[in-house]
Amino acid sequence: MGFIPYEVTAQDKRDFERDGYWISPKLIDDETIEKLRLAHERIWASDFDGDGYPMHDVRIPENKIALRKHDNGWWINDEVKNVVTHPDLGRMSADLIGESSIRLWHDQVIYKPSAAGQETMAGNVGWHQDYGFWKCSSTSNMVTVWIALQDTDLSNGGMRTILGSHKWGVVEGSAAFFDQDLDGLKQKFSGLGEWKDEPCILKAGQASFHHGLTFHGSGPNLSEQPRLSIVAHLMPGDTVYKSGRGRHDNVRLIGPRPYDGQPFNNEYFPLLYSR
Ligand SMILES: O=C(O)CCC(=O)C(=O)O
């Protein structure tokens, strides 16, 4: 697996703690980027590794310019599995969020088509906090690693983060990934603190790491090419289920009768790293 090793520095950690996000140097080499781009192609053609099925295949087949994604691409593709379970991602995440071990919560394989010259919101991702979807987890100290498979900036619908918004706490109604009205959501959330909207500008193979409470979203892909990414959502290794706080399909993966306090620690939640 073509990971380029990097040690998180004390300054990186301070930046992450201040902003709720941090951009890494290039972590994935060019050969692996090509493999991951091919993995995207195979996944979208329903050409899966193994004999199983995807977890969630989120597409609007009749709308070719709409954002598409798979959750848990690692179940159905070996290249995706290699990257989202890589110990280096775990170690860097452990350093950034100050935990001693890291497991995979789930991944996403995200494809944002070119808007093909149309004025459209179909590729937008609404301003949201990831933890807004994950309240069944015992901690919001989680991290998302968004890996660019091409140079990415605002011209191709790159992500934007709201600096420091991870300090706003868990915000009511923040599970707004699928609400594509960025302006409306900004109006709704911007009273909570200073709205400092920063584009995540990444070269292919770089990753942005954001905290589970950091507001982020993205706009249209105005380029001619699709925007491809692999995303790993990671949690501390000792995260447990908190019942009664919100539904998430991951709870099904710990069994038919989950109990409050049950660890998310079986084979669906691989351990990436432990000190
Ligand atoms: O790909 C995007 O534009 C948004 C992805 C996202 O919300 C995430 O990785 O948490």
# chains A, B, ... in the order shown; residues from 1 in each chain; ligands from 1
call {"tool": "closest_atom_pairs", "arguments": {"of": "chain A", "to": "ligand 1", "cutoff": "9 Å", "atoms": "only C-alpha atoms and all ligand atoms", "output": "JSON lines"}}
result
{"residue": "A:Leu67", "atom": "CA", "partner": "ligand 1", "partner_atom_place_in_ligand_line": "1 (O)", "distance": 8.7}
{"residue": "A:Asp107", "atom": "CA", "partner": "ligand 1", "partner_atom_place_in_ligand_line": "9 (O)", "distance": 8.8}
{"residue": "A:Gln108", "atom": "CA", "partner": "ligand 1", "partner_atom_place_in_ligand_line": "9 (O)", "distance": 7.4}
{"residue": "A:Val109", "atom": "CA", "partner": "ligand 1", "partner_atom_place_in_ligand_line": "1 (O)", "distance": 8.9}
{"residue": "A:Ile110", "atom": "CA", "partner": "ligand 1", "partner_atom_place_in_ligand_line": "1 (O)", "distance": 6.1}
{"residue": "A:Tyr111", "atom": "CA", "partner": "ligand 1", "partner_atom_place_in_ligand_line": "1 (O)", "distance": 7.9}
{"residue": "A:Lys112", "atom": "CA", "partner": "ligand 1", "partner_atom_place_in_ligand_line": "1 (O)", "distance": 7.7}
{"residue": "A:Gly123", "atom": "CA", "partner": "ligand 1", "partner_atom_place_in_ligand_line": "3 (O)", "distance": 8.2}
{"residue": "A:Asn124", "atom": "CA", "partner": "ligand 1", "partner_atom_place_in_ligand_line": "3 (O)", "distance": 7.0}
{"residue": "A:Val125", "atom": "CA", "partner": "ligand 1", "partner_atom_place_in_ligand_line": "3 (O)", "distance": 5.4}
{"residue": "A:Gly126", "atom": "CA", "partner": "ligand 1", "partner_atom_place_in_ligand_line": "7 (O)", "distance": 8.0}
{"residue": "A:Trp127", "atom": "CA", "partner": "ligand 1", "partner_atom_place_in_ligand_line": "7 (O)", "distance": 8.1}
{"residue": "A:His128", "atom": "CA", "partner": "ligand 1", "partner_atom_place_in_ligand_line": "7 (O)", "distance": 7.2}
{"residue": "A:Gln129", "atom": "CA", "partner": "ligand 1", "partner_atom_place_in_ligand_line": "10 (O)", "distance": 7.8}
{"residue": "A:Asp130", "atom": "CA", "partner": "ligand 1", "partner_atom_place_in_ligand_line": "10 (O)", "distance": 5.9}
{"residue": "A:Val143", "atom": "CA", "partner": "ligand 1", "partner_atom_place_in_ligand_line": "10 (O)", "distance": 8.9}
{"residue": "A:Thr144", "atom": "CA", "partner": "ligand 1", "partner_atom_place_in_ligand_line": "10 (O)", "distance": 6.0}
{"residue": "A:Val145", "atom": "CA", "partner": "ligand 1", "partner_atom_place_in_ligand_line": "9 (O)", "distance": 7.0}
{"residue": "A:Trp146", "atom": "CA", "partner": "ligand 1", "partner_atom_place_in_ligand_line": "9 (O)", "distance": 5.5}
{"residue": "A:Ile147", "atom": "CA", "partner": "ligand 1", "partner_atom_place_in_ligand_line": "9 (O)", "distance": 8.9}
{"residue": "A:Gly157", "atom": "CA", "partner": "ligand 1", "partner_atom_place_in_ligand_line": "3 (O)", "distance": 6.9}
{"residue": "A:Gly158", "atom": "CA", "partner": "ligand 1", "partner_atom_place_in_ligand_line": "3 (O)", "distance": 6.0}
{"residue": "A:Met159", "atom": "CA", "partner": "ligand 1", "partner_atom_place_in_ligand_line": "3 (O)", "distance": 4.8}
{"residue": "A:Arg160", "atom": "CA", "partner": "ligand 1", "partner_atom_place_in_ligand_line": "3 (O)", "distance": 7.9}
{"residue": "A:Phe177", "atom": "CA", "partner": "ligand 1", "partner_atom_place_in_ligand_line": "7 (O)", "distance": 6.4}
{"residue": "A:His210", "atom": "CA", "partner": "ligand 1", "partner_atom_place_in_ligand_line": "10 (O)", "distance": 7.9}
{"residue": "A:Gly212", "atom": "CA", "partner": "ligand 1", "partner_atom_place_in_ligand_line": "10 (O)", "distance": 8.3}
{"residue": "A:Phe215", "atom": "CA", "partner": "ligand 1", "partner_atom_place_in_ligand_line": "7 (O)", "distance": 8.8}
{"residue": "A:His216", "atom": "CA", "partner": "ligand 1", "partner_atom_place_in_ligand_line": "7 (O)", "distance": 6.4}
{"residue": "A:Gly217", "atom": "CA", "partner": "ligand 1", "partner_atom_place_in_ligand_line": "4 (C)", "distance": 5.5}
{"residue": "A:Ser218", "atom": "CA", "partner": "ligand 1", "partner_atom_place_in_ligand_line": "3 (O)", "distance": 4.6}
{"residue": "A:Gly219", "atom": "CA", "partner": "ligand 1", "partner_atom_place_in_ligand_line": "3 (O)", "distance": 7.4}
{"residue": "A:Arg227", "atom": "CA", "partner": "ligand 1", "partner_atom_place_in_ligand_line": "1 (O)", "distance": 8.7}
{"residue": "A:Leu228", "atom": "CA", "partner": "ligand 1", "partner_atom_place_in_ligand_line": "1 (O)", "distance": 8.5}
{"residue": "A:Ser229", "atom": "CA", "partner": "ligand 1", "partner_atom_place_in_ligand_line": "1 (O)", "distance": 7.0}
{"residue": "A:Ile230", "atom": "CA", "partner": "ligand 1", "partner_atom_place_in_ligand_line": "9 (O)", "distance": 8.4}
{"residue": "A:Val231", "atom": "CA", "partner": "ligand 1", "partner_atom_place_in_ligand_line": "9 (O)", "distance": 5.6}
{"residue": "A:Ala232", "atom": "CA", "partner": "ligand 1", "partner_atom_place_in_ligand_line": "9 (O)", "distance": 7.7}
{"residue": "A:His233", "atom": "CA", "partner": "ligand 1", "partner_atom_place_in_ligand_line": "10 (O)", "distance": 7.6}
call {"tool": "write_last_selection", "arguments": {"atoms": "C-alpha atoms", "output": "compact mmCIF listing (two decimals), in the first residue's frame"}}
result
# COMPACT_ATOMS: atom_id res chain seq x y z
CA LEU A 67 -23.55 13.39 -5.85
CA ASP A 107 -16.01 4.83 5.20
CA GLN A 108 -17.46 6.63 2.22
CA VAL A 109 -16.57 6.45 -1.45
CA ILE A 110 -17.77 9.79 -2.81
CA TYR A 111 -18.15 10.79 -6.45
CA LYS A 112 -19.21 14.30 -7.37
CA GLY A 123 -23.63 17.99 -6.17
CA ASN A 124 -23.82 20.05 -3.00
CA VAL A 125 -23.24 18.66 0.46
CA GLY A 126 -25.06 20.69 3.12
CA TRP A 127 -23.30 22.28 6.07
CA HIS A 128 -23.30 19.58 8.74
CA GLN A 129 -21.48 18.07 11.69
CA ASP A 130 -20.62 14.41 11.19
CA VAL A 143 -12.26 12.30 13.08
CA THR A 144 -12.89 12.20 9.34
CA VAL A 145 -10.06 11.75 6.87
CA TRP A 146 -11.03 13.01 3.41
CA ILE A 147 -8.54 11.82 0.77
CA GLY A 157 -16.59 21.31 -5.54
CA GLY A 158 -13.98 20.75 -2.84
CA MET A 159 -14.96 20.67 0.80
CA ARG A 160 -15.13 23.78 2.93
CA PHE A 177 -25.49 16.40 4.70
CA HIS A 210 -11.70 17.17 10.49
CA GLY A 212 -16.58 15.06 14.39
CA PHE A 215 -19.16 22.06 10.33
CA HIS A 216 -18.31 21.37 6.70
CA GLY A 217 -20.03 21.15 3.34
CA SER A 218 -19.30 21.55 -0.36
CA GLY A 219 -20.63 23.25 -3.46
CA ARG A 227 -14.36 14.85 -8.13
CA LEU A 228 -13.33 11.53 -6.54
CA SER A 229 -12.53 10.89 -2.91
CA ILE A 230 -12.18 8.17 -0.31
CA VAL A 231 -13.25 9.10 3.19
CA ALA A 232 -12.46 7.29 6.45
CA HIS A 233 -14.57 8.09 9.51
call {"tool": "residues_around", "arguments": {"residues": "region 69-84 of chain A", "least_positions_apart": "6", "cutoff": "7 Å", "atoms": "only C-alpha atoms", "output": "list in words"}}
result
Met1, Lys35, Leu36, Ala39, Phe48, Asp49, Gly50, Gly52, Tyr53, Pro54, Met55, His56, Asp57, Val58, Arg59, His106, Asp107, Gln108, Val109, Ile110, Tyr111 and Ala232 of chain A
call {"tool": "write_last_selection", "arguments": {"atoms": "C-alpha atoms", "output": "mmCIF file, in the first residue's frame"}}
result
data_model
loop_
_atom_site.group_PDB
_atom_site.id
_atom_site.type_symbol
_atom_site.label_atom_id
_atom_site.label_comp_id
_atom_site.auth_asym_id
_atom_site.auth_seq_id
_atom_site.Cartn_x
_atom_site.Cartn_y
_atom_site.Cartn_z
ATOM 1 C CA MET A 1 0.000 0.000 0.000
ATOM 2 C CA LYS A 35 -5.505 2.195 -8.090
ATOM 3 C CA LEU A 36 -8.076 4.045 -6.023
ATOM 4 C CA ALA A 39 -11.497 1.194 -7.565
ATOM 5 C CA PHE A 48 -17.184 -5.831 -6.340
ATOM 6 C CA ASP A 49 -14.386 -7.765 -4.626
ATOM 7 C CA GLY A 50 -15.652 -10.699 -2.572
ATOM 8 C CA GLY A 52 -20.972 -9.749 -0.580
ATOM 9 C CA TYR A 53 -23.060 -6.646 -1.023
ATOM 10 C CA PRO A 54 -22.534 -2.954 -0.389
ATOM 11 C CA MET A 55 -23.853 -1.407 2.812
ATOM 12 C CA HIS A 56 -25.471 1.700 1.297
ATOM 13 C CA ASP A 57 -25.333 2.621 -2.382
ATOM 14 C CA VAL A 58 -26.636 6.195 -2.467
ATOM 15 C CA ARG A 59 -27.379 7.240 -6.045
ATOM 16 C CA HIS A 106 -17.327 3.571 8.490
ATOM 17 C CA ASP A 107 -16.008 4.829 5.196
ATOM 18 C CA GLN A 108 -17.461 6.634 2.221
ATOM 19 C CA VAL A 109 -16.567 6.452 -1.453
ATOM 20 C CA ILE A 110 -17.774 9.789 -2.806
ATOM 21 C CA TYR A 111 -18.150 10.787 -6.448
ATOM 22 C CA ALA A 232 -12.464 7.291 6.446
#
call {"tool": "select_by_dssp", "arguments": {"residues": "region 39-223 of chain A", "states": "strand (DSSP E)", "output": "VMD selection string"}}
result
chain A and resid 56 to 58 68 to 71 101 to 112 125 to 128 143 to 148 159 to 162 197 to 199 207 to 211 216 to 218
call {"tool": "select_by_dssp", "arguments": {"residues": "region 66-136 of chain A", "states": "helix (DSSP H, G or I)", "output": "NGL selection string"}}
result
:A and (73-75 or 78-84 or 87-97 or 130-133)
call {"tool": "residues_around", "arguments": {"residues": "Arg18 (chain A)", "least_positions_apart": "2", "cutoff": "8 Å", "atoms": "only C-alpha atoms", "output": "PyMOL selection string"}}
result
chain A and resi 14-16+20+163-164
call {"tool": "residues_around", "arguments": {"residues": "Ile65 (chain A)", "least_positions_apart": "6", "cutoff": "9 Å", "atoms": "only C-alpha atoms", "output": "mmCIF file with C-alpha atoms, in the first residue's frame"}}
result
data_model
loop_
_atom_site.group_PDB
_atom_site.id
_atom_site.type_symbol
_atom_site.label_atom_id
_atom_site.label_comp_id
_atom_site.auth_asym_id
_atom_site.auth_seq_id
_atom_site.Cartn_x
_atom_site.Cartn_y
_atom_site.Cartn_z
ATOM 1 C CA LYS A 112 -19.208 14.298 -7.370
ATOM 2 C CA PRO A 113 -19.911 14.506 -11.110
ATOM 3 C CA SER A 114 -19.165 17.565 -13.162
ATOM 4 C CA ALA A 115 -22.138 19.939 -13.083
ATOM 5 C CA ALA A 116 -21.749 19.899 -16.884
ATOM 6 C CA THR A 120 -27.297 23.100 -9.994
ATOM 7 C CA ALA A 122 -27.272 18.440 -7.161
ATOM 8 C CA GLY A 123 -23.630 17.991 -6.174
#
call {"tool": "residues_around", "arguments": {"residues": "Asp12 (chain A)", "least_positions_apart": "4", "cutoff": "9 Å", "atoms": "only C-alpha atoms", "output": "list in words"}}
result
Val8, Phe16, Glu17, Trp22, Ile23, Ser24 and Leu96 of chain A
call {"tool": "closest_residue", "arguments": {"among": "A:Asp153, A:Asp47, A:Glu99, A:Glu172", "to": "Leu202 (chain A)", "atoms": "only C-alpha atoms"}}
result
A:Asp153
call {"tool": "atom_distance", "arguments": {"atom1": "CA of Gly244 (chain A)", "atom2": "CA of Phe269 (chain A)"}}
result
21.0 Å
call {"tool": "residues_around", "arguments": {"residues": "Asp260 (chain A)", "least_positions_apart": "2", "cutoff": "7 Å", "atoms": "only C-alpha atoms", "output": "list in words"}}
result
Tyr241, Lys242, Ser243, Pro258 and Gln262 of chain A
call {"tool": "closest_residue", "arguments": {"among": "A:Ala175, A:Lys13, A:Trp105, A:Leu192", "to": "Leu253 (chain A)", "atoms": "only C-alpha atoms"}}
result
A:Trp105
call {"tool": "closest_residue", "arguments": {"among": "A:Asp88, A:Asp179, A:Asp249, A:Asp238", "to": "Asn266 (chain A)", "atoms": "only C-alpha atoms"}}
result
A:Asp238
call {"tool": "closest_residue", "arguments": {"among": "A:Asp29, A:Glu224, A:Glu267, A:Glu62", "to": "Ala204 (chain A)", "atoms": "only C-alpha atoms"}}
result
A:Asp29
call {"tool": "closest_residue", "arguments": {"among": "A:Leu272, A:Met235, A:Ala10, A:Leu185", "to": "Leu89 (chain A)", "atoms": "only C-alpha atoms"}}
result
A:Leu272
call {"tool": "atom_distance", "arguments": {"atom1": "CA of Leu271 (chain A)", "atom2": "CA of Leu27 (chain A)"}}
result
19.7 Å
call {"tool": "closest_residue", "arguments": {"among": "A:Glu34, A:Arg68, A:Asp181, A:Ser101", "to": "Pro226 (chain A)", "atoms": "only C-alpha atoms"}}
result
A:Arg68
